[in-house]
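> There's a structure below that I have some questions on.
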Amino acid sequence: MTRSRLVRVAVAATVAAGLALAGCGDTDPPGAEEQQADLSVLATDAPQMQTLERLTKRHFTAETGITVDYTLLPENEARDRMNREFATQAGTYDVASVSAYEVPIYADNGWLAPLDSYVEADEDFDQDDVFPNLVASLTGEDGRLYAEPFYGEGSFLMYRKDLFRKDGLTMPPDPTWREVADLAARVDGTDGASGICLRGLPGWGQNLAPINTVVNTFGGTWYDTDWNARLTSPEFREAVGFYVGLLRSHGQPGAERMGVLEILERFVEGGCAMMYDATSLASTIEADTSPVKGKVGYVPAPHEKTDKAGWLWTWAWGVQQASERKDAAWEFISWASSKEYQELVGQERGWTAAPAGNRRSLYANPEYQQAAGAWYRQEYTAATDSADPRNPGVAPRPYGGIGFLDIPEFAVLGTAVSEQIAAAIAGRQSVDTALEKSQDLAQAAAAKYRGG
């Protein structure tokens, strides 16, 4: 059985289970208004989406006459609603904010409408301006484009320049993880700050996002090319052991309970000398109300055996195949993901509020350069020169993805493995024990891919 057919079978089973668990829960369609909106959009309740909703009626609807009804939900709820909606092709939503994880899976199942013909016909959209790495992550195995990025992010290392100066330390312009560990040991405790803050909270999108970049650059892989699990291989053990050891020795207290928002808060409050995480966090770190504004330096994601190791992520707009309003959906997408929309947000809401990480032109804009002066160069580098989503490490692998695996089983498997690693971070078990348990989980999760 081919991988695509296996993916379709696996997703169908996963969604069926989700529907059974969901029962009669939150299934009401959006837009209970008396007059039906022209388009229904499902999206994560992120600040960028909230800004988009506020600007739509006054600009997009006023210009096109197309009304838009938004359903904005927390990320986990949005994913659950989206999985059920697209699996059943109910047609309730025309457009949804899909990520680099969903797009290959949905495309394999025929749940997304390809956008190639719209892009080719719309010269004003300027597809060549979109970062190629993001385009690659939103392209199906058939070579067709299935979503357009609304905003993107990479990862980089943030460090307190003032604390480094106080200790006489210099951050290398392109650090390795070994160098970062040495610096963390030397700066640890300066002005009460932890040497480094990293995600420890369980979740495939929490601690596994940075851990997977470490695994990749240390030479590890979740599976070999025959889909045999490799979580107890020397390379995988070394990578996870390094991450856990760094957190336990020089990381923040209670790391196993701290995800991206918690470590961001700690960093802004002065509790971390370094932090490795998403480029999108810089706008909060450099906000006018931030105590560390102007005190932070930014360098590329640390690497080891590879030349680069940053992750690549995007929230993008995809059109449900069952939608009967595909032309109107493209009009919305071509506006929301356009250079003109970024200009609109910059002028009305401030340039640091513009959805970033998706287009080259934003980084050539002097106004954005000035507003994001402390970090825009590294943000641009992360977007244009991150690890390759199809081949992010040293070891050959049968899957794609940098901070995740592009198989439907990963949402459940990754969360289970992340819980085992969090227990090791907390000191409740050894790294070897965590990975031995995880090896069994990973081997079972990929059984259907082997031998066919």
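Each chain of the structure tokens is named A, B, ... in the order shown, its residues numbered from 1; ligands are numbered from 1 in display order.
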For Ala90 in chain A, work out the shell of residues within 12 Å, counting only C-alpha atoms and skipping chain neighbours fewer than 2 positions away, then give it as a PDB file with C-alpha atoms, in the first residue's frame.


```pdb
ATOM      1  CA  THR A  27     -21.198  21.512  16.358  1.00  0.00           C
ATOM      2  CA  PRO A  29     -22.505  26.272  12.403  1.00  0.00           C
ATOM      3  CA  ARG A  81     -13.313  21.741  14.601  1.00  0.00           C
ATOM      4  CA  MET A  82     -11.227  21.881  11.433  1.00  0.00           C
ATOM      5  CA  ASN A  83     -10.431  18.152  11.462  1.00  0.00           C
ATOM      6  CA  ARG A  84     -14.104  17.236  11.762  1.00  0.00           C
ATOM      7  CA  GLU A  85     -15.190  19.809   9.173  1.00  0.00           C
ATOM      8  CA  PHE A  86     -12.670  18.879   6.520  1.00  0.00           C
ATOM      9  CA  ALA A  87     -12.913  15.115   7.075  1.00  0.00           C
ATOM     10  CA  THR A  88     -16.664  15.182   6.514  1.00  0.00           C
ATOM     11  CA  THR A  92     -19.760  24.850   6.694  1.00  0.00           C
ATOM     12  CA  TYR A  93     -16.504  26.779   6.351  1.00  0.00           C
ATOM     13  CA  ASP A  94     -15.121  27.951   3.040  1.00  0.00           C
ATOM     14  CA  TRP A 111      -9.916  17.842   1.423  1.00  0.00           C
ATOM     15  CA  GLN A 320     -12.269  23.440   1.631  1.00  0.00           C
ATOM     16  CA  GLN A 321     -12.816  21.292  -1.439  1.00  0.00           C
ATOM     17  CA  ALA A 322     -16.563  21.164  -0.673  1.00  0.00           C
ATOM     18  CA  SER A 323     -16.899  24.952  -0.712  1.00  0.00           C
ATOM     19  CA  GLU A 324     -19.258  26.310  -3.351  1.00  0.00           C
TER      20      GLU A 324
END
```

> Can you pull out the residues contacting range 357-370 of chain A? Cut-off 10 Å, using only C-alpha atoms, and skip same-chain residues under 2 positions away; I want them as a VMD selection string.

chain A and resid 126 to 135 148 to 154 279 to 280 312 to 316 337 to 339 342 to 343 346 to 347 350 to 355 372 to 377 379 to 384

> Fewer than 2 positions away in the same chain doesn't count, so skip those; otherwise give me all residues within 10 Å of range 161-170 of chain A, counting only C-alpha atoms, as JSON, numbers by chain.

{"A": [158, 159, 172, 173, 183, 186, 187, 188, 189, 190, 191, 193, 272, 273, 274, 292, 294, 295, 296, 297, 298]}

> Write out, as an mmCIF file, in the first residue's frame, the residues just selected, with C-alpha atoms.


```
data_model
loop_
_atom_site.group_PDB
_atom_site.id
_atom_site.type_symbol
_atom_site.label_atom_id
_atom_site.label_comp_id
_atom_site.auth_asym_id
_atom_site.auth_seq_id
_atom_site.Cartn_x
_atom_site.Cartn_y
_atom_site.Cartn_z
ATOM 1 C CA MET A 158 17.649 35.329 22.022
ATOM 2 C CA TYR A 159 20.160 36.482 24.639
ATOM 3 C CA PRO A 172 29.114 33.673 18.527
ATOM 4 C CA PRO A 173 27.340 34.940 15.395
ATOM 5 C CA LEU A 183 27.562 30.018 27.786
ATOM 6 C CA ARG A 186 28.841 30.687 32.680
ATOM 7 C CA VAL A 187 25.965 33.192 32.714
ATOM 8 C CA ASP A 188 23.668 31.131 34.954
ATOM 9 C CA GLY A 189 22.703 33.095 38.073
ATOM 10 C CA THR A 190 23.814 36.526 36.840
ATOM 11 C CA ASP A 191 21.310 39.018 38.237
ATOM 12 C CA ALA A 193 18.591 34.852 35.695
ATOM 13 C CA CYS A 272 16.446 34.193 31.509
ATOM 14 C CA ALA A 273 19.864 35.001 30.095
ATOM 15 C CA MET A 274 18.998 33.138 26.863
ATOM 16 C CA VAL A 292 14.121 43.980 28.448
ATOM 17 C CA GLY A 294 16.735 47.081 23.774
ATOM 18 C CA LYS A 295 18.733 44.646 25.911
ATOM 19 C CA VAL A 296 18.347 41.562 23.712
ATOM 20 C CA GLY A 297 20.481 40.187 20.901
ATOM 21 C CA TYR A 298 19.348 37.680 18.261
#
```

> If I take CA of Asp224 in chain A and CA of Ala446 in chain A, how far is one from the other in Å, to one decimal?

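Between CA of Asp224 in chain A and CA of Ala446 in chain A the gap works out to 11.1 Å.
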
> Which of these residues is nearest to Ala387 in chain A, using only C-alpha atoms: A:Arg144, A:His303, A:Lys437, A:Lys326?

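Looking at the shortest contact to Ala387 in chain A, the residue is A:His303.
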
> I'd like the neighbourhood of Leu281 in chain A as a PDB file with C-alpha atoms, in the first residue's frame, where a residue qualifies if any of its atoms comes within 10 Å (using only C-alpha atoms), though same-chain residues fewer than 6 positions away should be ignored.


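Here's the written file out_32.pdb:
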```pdb
ATOM      1  CA  GLU A 153       7.878  32.045  11.804  1.00  0.00           C
ATOM      2  CA  SER A 155      13.261  30.006  15.407  1.00  0.00           C
ATOM      3  CA  PHE A 156      16.306  31.767  16.780  1.00  0.00           C
ATOM      4  CA  MET A 158      17.649  35.329  22.022  1.00  0.00           C
ATOM      5  CA  VAL A 260       6.118  29.025  25.095  1.00  0.00           C
ATOM      6  CA  LEU A 261       3.965  31.613  26.881  1.00  0.00           C
ATOM      7  CA  LEU A 264       8.309  34.239  27.174  1.00  0.00           C
TER       8      LEU A 264
END
```

> Report as a ChimeraX atom specification: the residues of range 56-297 of chain A with a DSSP assignment of strand (DSSP E or B), based on the backbone of this structure.

/A:68-73,95-99,112,130,139,145,148-153,155-160,176,194,197,223,229,272,274-278,296-297

> What parts of range 326-389 of chain A does DSSP call alpha helix (DSSP H)? I'd like the answer as a PyMOL selection string.

chain A and resi 326-336+339-349+360-364+366-371+376-384

> Quick one: of A:Glu331, A:Asp307, A:Asp182, A:Asp432, who's nearest to Gly241 in chain A, counting only C-alpha atoms?

A:Asp432

> What are the closest atom pairs, with distances in Å to one decimal, for all residues of range 91-151 of chain A lying within 12 Å of range 409-417 of chain A? Consider only C-alpha atoms, order rows by chain and residue number, and present the result as a Markdown table.


```
| residue | atom | partner | partner_atom | distance |
| --- | --- | --- | --- | --- |
| A:Tyr101 | CA | A:Ala411 | CA | 9.4 |
| A:Glu102 | CA | A:Ala411 | CA | 10.4 |
| A:Ile105 | CA | A:Glu409 | CA | 10.6 |
```

> If I take CA of Ala356 in chain A and CA of Glu123 in chain A, how far is one from the other in Å, to one decimal?

21.4 Å

> Can you tell me, as a PyMOL selection string, what residues are no more than 12 Å from Glu53 in chain A when counting only C-alpha atoms, ignoring any on the same chain fewer than 3 positions away?

chain A and resi 40-50+56-61+67-72+332+336+345

> Smallest atom-to-atom distance to Cys197 in chain A: which of A:Ile211, A:Glu235, A:Met258, A:Gly143, using only C-alpha atoms?

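Nearest to Cys197 in chain A: A:Met258.
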
> Which distance in Å separates CA of Ala434 in chain A and CA of Gln420 in chain A, to one decimal?

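So the two atoms, CA of Ala434 in chain A and CA of Gln420 in chain A, lie 5.0 Å apart.
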
> Which residues, written as an MDAnalysis selection string, have at least one atom at most 6 Å from range 401-405 of chain A, with only C-alpha atoms counted and residues fewer than 6 positions away on the same chain left out?

chainID A and resid 209 212:213 311 389 392
